[in-house]
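Peer 1: My questions all concern the structure below.
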Amino acid sequence: MKKQILIVDDEQHILRLFSRILSGENREVHAVASGQEALERVQAQTFDLILLDLKMPGMNGAQALCRIRETDRQVPVFIVTAFENEFGNALQKLQEAGIAFEILNKPIEKEQLLSAVESVLSGPQSF
């Protein structure tokens, strides 16, 4: 059975790039452009991994993660961002609330992205 990956980013070129990099014979990639769309997908389907942009219009990634955790407490989530410092308080509040996630900083190299994704999909999850 294919591993299900959800990519959430408001930038279409990132969605296309990550989808192209991560699609494979053992992975099925789903791409959405907003936190609200991510919530709808998570409520309708189970995912093995979520890659979540932090800075998005409307519902940002931290807000979306809070809502995602209401539906699925176990799915591993990578917050993929170039704005970790800007959202430091929000990320700290997530951690204090026991909401698990890992950070991947943009720009991210293809090999780094693949390695992070494979480490989650192929082994015991540490989130």
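Residues are named by chain letter and number: chains run A, B, ... in the order of the structure tokens, numbers start at 1 in each chain, and ligands are numbered from 1 in the order shown.
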Please identify every residue of stretch 35-89 of chain A that has at least one atom no farther than 12 Å from an atom of stretch 99-107 of chain A, counting only C-alpha atoms, and for each give the shortest atom pair and the distance in Å to one decimal, arranged by chain then increasing number, as a tab-separated table.
Peer 2:
residue	atom	partner	partner_atom	distance
A:Leu49	CA	A:Phe101	CA	10.6
A:Ile50	CA	A:Phe101	CA	9.7
A:Leu51	CA	A:Leu104	CA	9.1
A:Leu52	CA	A:Ile103	CA	9.5
A:Asp53	CA	A:Lys106	CA	9.7
A:Leu54	CA	A:Ile103	CA	9.9
A:Lys55	CA	A:Lys106	CA	11.6
A:Gly61	CA	A:Phe101	CA	11.2
A:Ala62	CA	A:Ile99	CA	10.0
A:Gln63	CA	A:Ile99	CA	11.4
A:Ala64	CA	A:Ile99	CA	11.7
A:Leu65	CA	A:Ile99	CA	8.1
A:Cys66	CA	A:Ile99	CA	7.4
A:Arg67	CA	A:Ile99	CA	10.5
A:Ile68	CA	A:Ile99	CA	10.1
A:Arg69	CA	A:Ile99	CA	7.3
A:Glu70	CA	A:Ile99	CA	10.2
A:Asp72	CA	A:Ile99	CA	10.9
A:Arg73	CA	A:Ile99	CA	8.0
A:Gln74	CA	A:Ala100	CA	8.5
A:Val75	CA	A:Ala100	CA	9.1
A:Pro76	CA	A:Phe101	CA	6.6
A:Val77	CA	A:Phe101	CA	5.0
A:Phe78	CA	A:Glu102	CA	4.8
A:Ile79	CA	A:Ile103	CA	4.9
A:Val80	CA	A:Leu104	CA	4.7
A:Thr81	CA	A:Asn105	CA	5.1
A:Ala82	CA	A:Lys106	CA	4.7
A:Phe83	CA	A:Asn105	CA	8.2
A:Glu84	CA	A:Asn105	CA	7.7
A:Asn85	CA	A:Asn105	CA	10.7
A:Phe87	CA	A:Ile103	CA	11.8
A:Gly88	CA	A:Ile103	CA	11.5
Peer 1: Assign secondary structure with DSSP using the backbone only, and return the residues of chain A in helix (DSSP H, G or I) as a ChimeraX atom specification.
Peer 2: /A:12-22,35-44,61-71,88-96,110-122
Peer 1: Could you please take those selected residues and save C-alpha atoms as an mmCIF file, in the first residue's frame?
Peer 2:
data_model
loop_
_atom_site.group_PDB
_atom_site.id
_atom_site.type_symbol
_atom_site.label_atom_id
_atom_site.label_comp_id
_atom_site.auth_asym_id
_atom_site.auth_seq_id
_atom_site.Cartn_x
_atom_site.Cartn_y
_atom_site.Cartn_z
ATOM 1 C CA GLN A 12 2.067 26.672 -6.403
ATOM 2 C CA HIS A 13 5.696 26.203 -7.464
ATOM 3 C CA ILE A 14 6.491 24.627 -4.069
ATOM 4 C CA LEU A 15 3.492 22.298 -4.368
ATOM 5 C CA ARG A 16 4.612 21.224 -7.839
ATOM 6 C CA LEU A 17 8.278 20.840 -6.849
ATOM 7 C CA PHE A 18 7.612 18.841 -3.667
ATOM 8 C CA SER A 19 5.013 16.712 -5.475
ATOM 9 C CA ARG A 20 7.493 15.891 -8.231
ATOM 10 C CA ILE A 21 10.290 15.091 -5.762
ATOM 11 C CA LEU A 22 8.164 12.961 -3.433
ATOM 12 C CA GLY A 35 -4.777 25.362 5.881
ATOM 13 C CA GLN A 36 -8.530 25.023 5.405
ATOM 14 C CA GLU A 37 -8.068 22.610 2.502
ATOM 15 C CA ALA A 38 -5.630 20.615 4.631
ATOM 16 C CA LEU A 39 -8.211 20.278 7.400
ATOM 17 C CA GLU A 40 -10.809 19.046 4.939
ATOM 18 C CA ARG A 41 -8.390 16.444 3.567
ATOM 19 C CA VAL A 42 -7.312 15.249 7.018
ATOM 20 C CA GLN A 43 -10.947 14.841 8.041
ATOM 21 C CA ALA A 44 -11.658 12.784 4.916
ATOM 22 C CA GLY A 61 0.477 26.643 9.485
ATOM 23 C CA ALA A 62 0.518 26.852 13.294
ATOM 24 C CA GLN A 63 -3.247 27.373 13.373
ATOM 25 C CA ALA A 64 -3.779 24.590 10.854
ATOM 26 C CA LEU A 65 -1.622 22.205 12.896
ATOM 27 C CA CYS A 66 -3.704 22.858 16.020
ATOM 28 C CA ARG A 67 -6.841 21.991 14.077
ATOM 29 C CA ILE A 68 -5.238 18.964 12.377
ATOM 30 C CA ARG A 69 -4.303 17.565 15.784
ATOM 31 C CA GLU A 70 -7.975 17.669 16.791
ATOM 32 C CA THR A 71 -8.592 15.083 14.053
ATOM 33 C CA GLY A 88 8.731 31.588 17.220
ATOM 34 C CA ASN A 89 6.042 32.348 19.813
ATOM 35 C CA ALA A 90 3.390 30.349 17.974
ATOM 36 C CA LEU A 91 5.750 27.387 17.578
ATOM 37 C CA GLN A 92 6.699 27.533 21.253
ATOM 38 C CA LYS A 93 3.018 27.507 22.234
ATOM 39 C CA LEU A 94 2.468 24.426 20.087
ATOM 40 C CA GLN A 95 5.337 22.649 21.817
ATOM 41 C CA GLU A 96 4.112 23.692 25.263
ATOM 42 C CA LYS A 110 16.065 17.747 -2.623
ATOM 43 C CA GLU A 111 18.252 15.220 -0.808
ATOM 44 C CA GLN A 112 17.422 16.720 2.595
ATOM 45 C CA LEU A 113 13.688 16.591 1.843
ATOM 46 C CA LEU A 114 13.849 13.005 0.619
ATOM 47 C CA SER A 115 15.939 11.932 3.603
ATOM 48 C CA ALA A 116 13.550 13.510 6.119
ATOM 49 C CA VAL A 117 10.498 11.995 4.446
ATOM 50 C CA GLU A 118 12.054 8.537 4.146
ATOM 51 C CA SER A 119 13.162 8.581 7.787
ATOM 52 C CA VAL A 120 9.547 9.044 8.839
ATOM 53 C CA LEU A 121 7.921 6.723 6.328
ATOM 54 C CA SER A 122 10.348 3.828 6.737
#
Peer 1: Run DSSP on the backbone and grab whatever in stretch 9-54 of chain A lands in strand (DSSP E or B); send it over as a list of chain:residue names.
Peer 2: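 The residues of stretch 9-54 of chain A classed as strand (DSSP E or B) are A:Gly24, A:Arg27, A:Glu28, A:Val29, A:His30, A:Ala31, A:Val32, A:Leu49, A:Ile50, A:Leu51, A:Leu52, A:Asp53.
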Peer 1: Between atom CA of A:Ala31 and atom CA of A:Leu6, what is the distance, to one decimal in Å?
Peer 2: 5.8 Å
Peer 1: Using atom CA of A:Ser34 and atom CA of A:Asn60 as the two end points, give the distance in Å to one decimal.
Peer 2: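 These atoms are spaced 8.2 Å apart.
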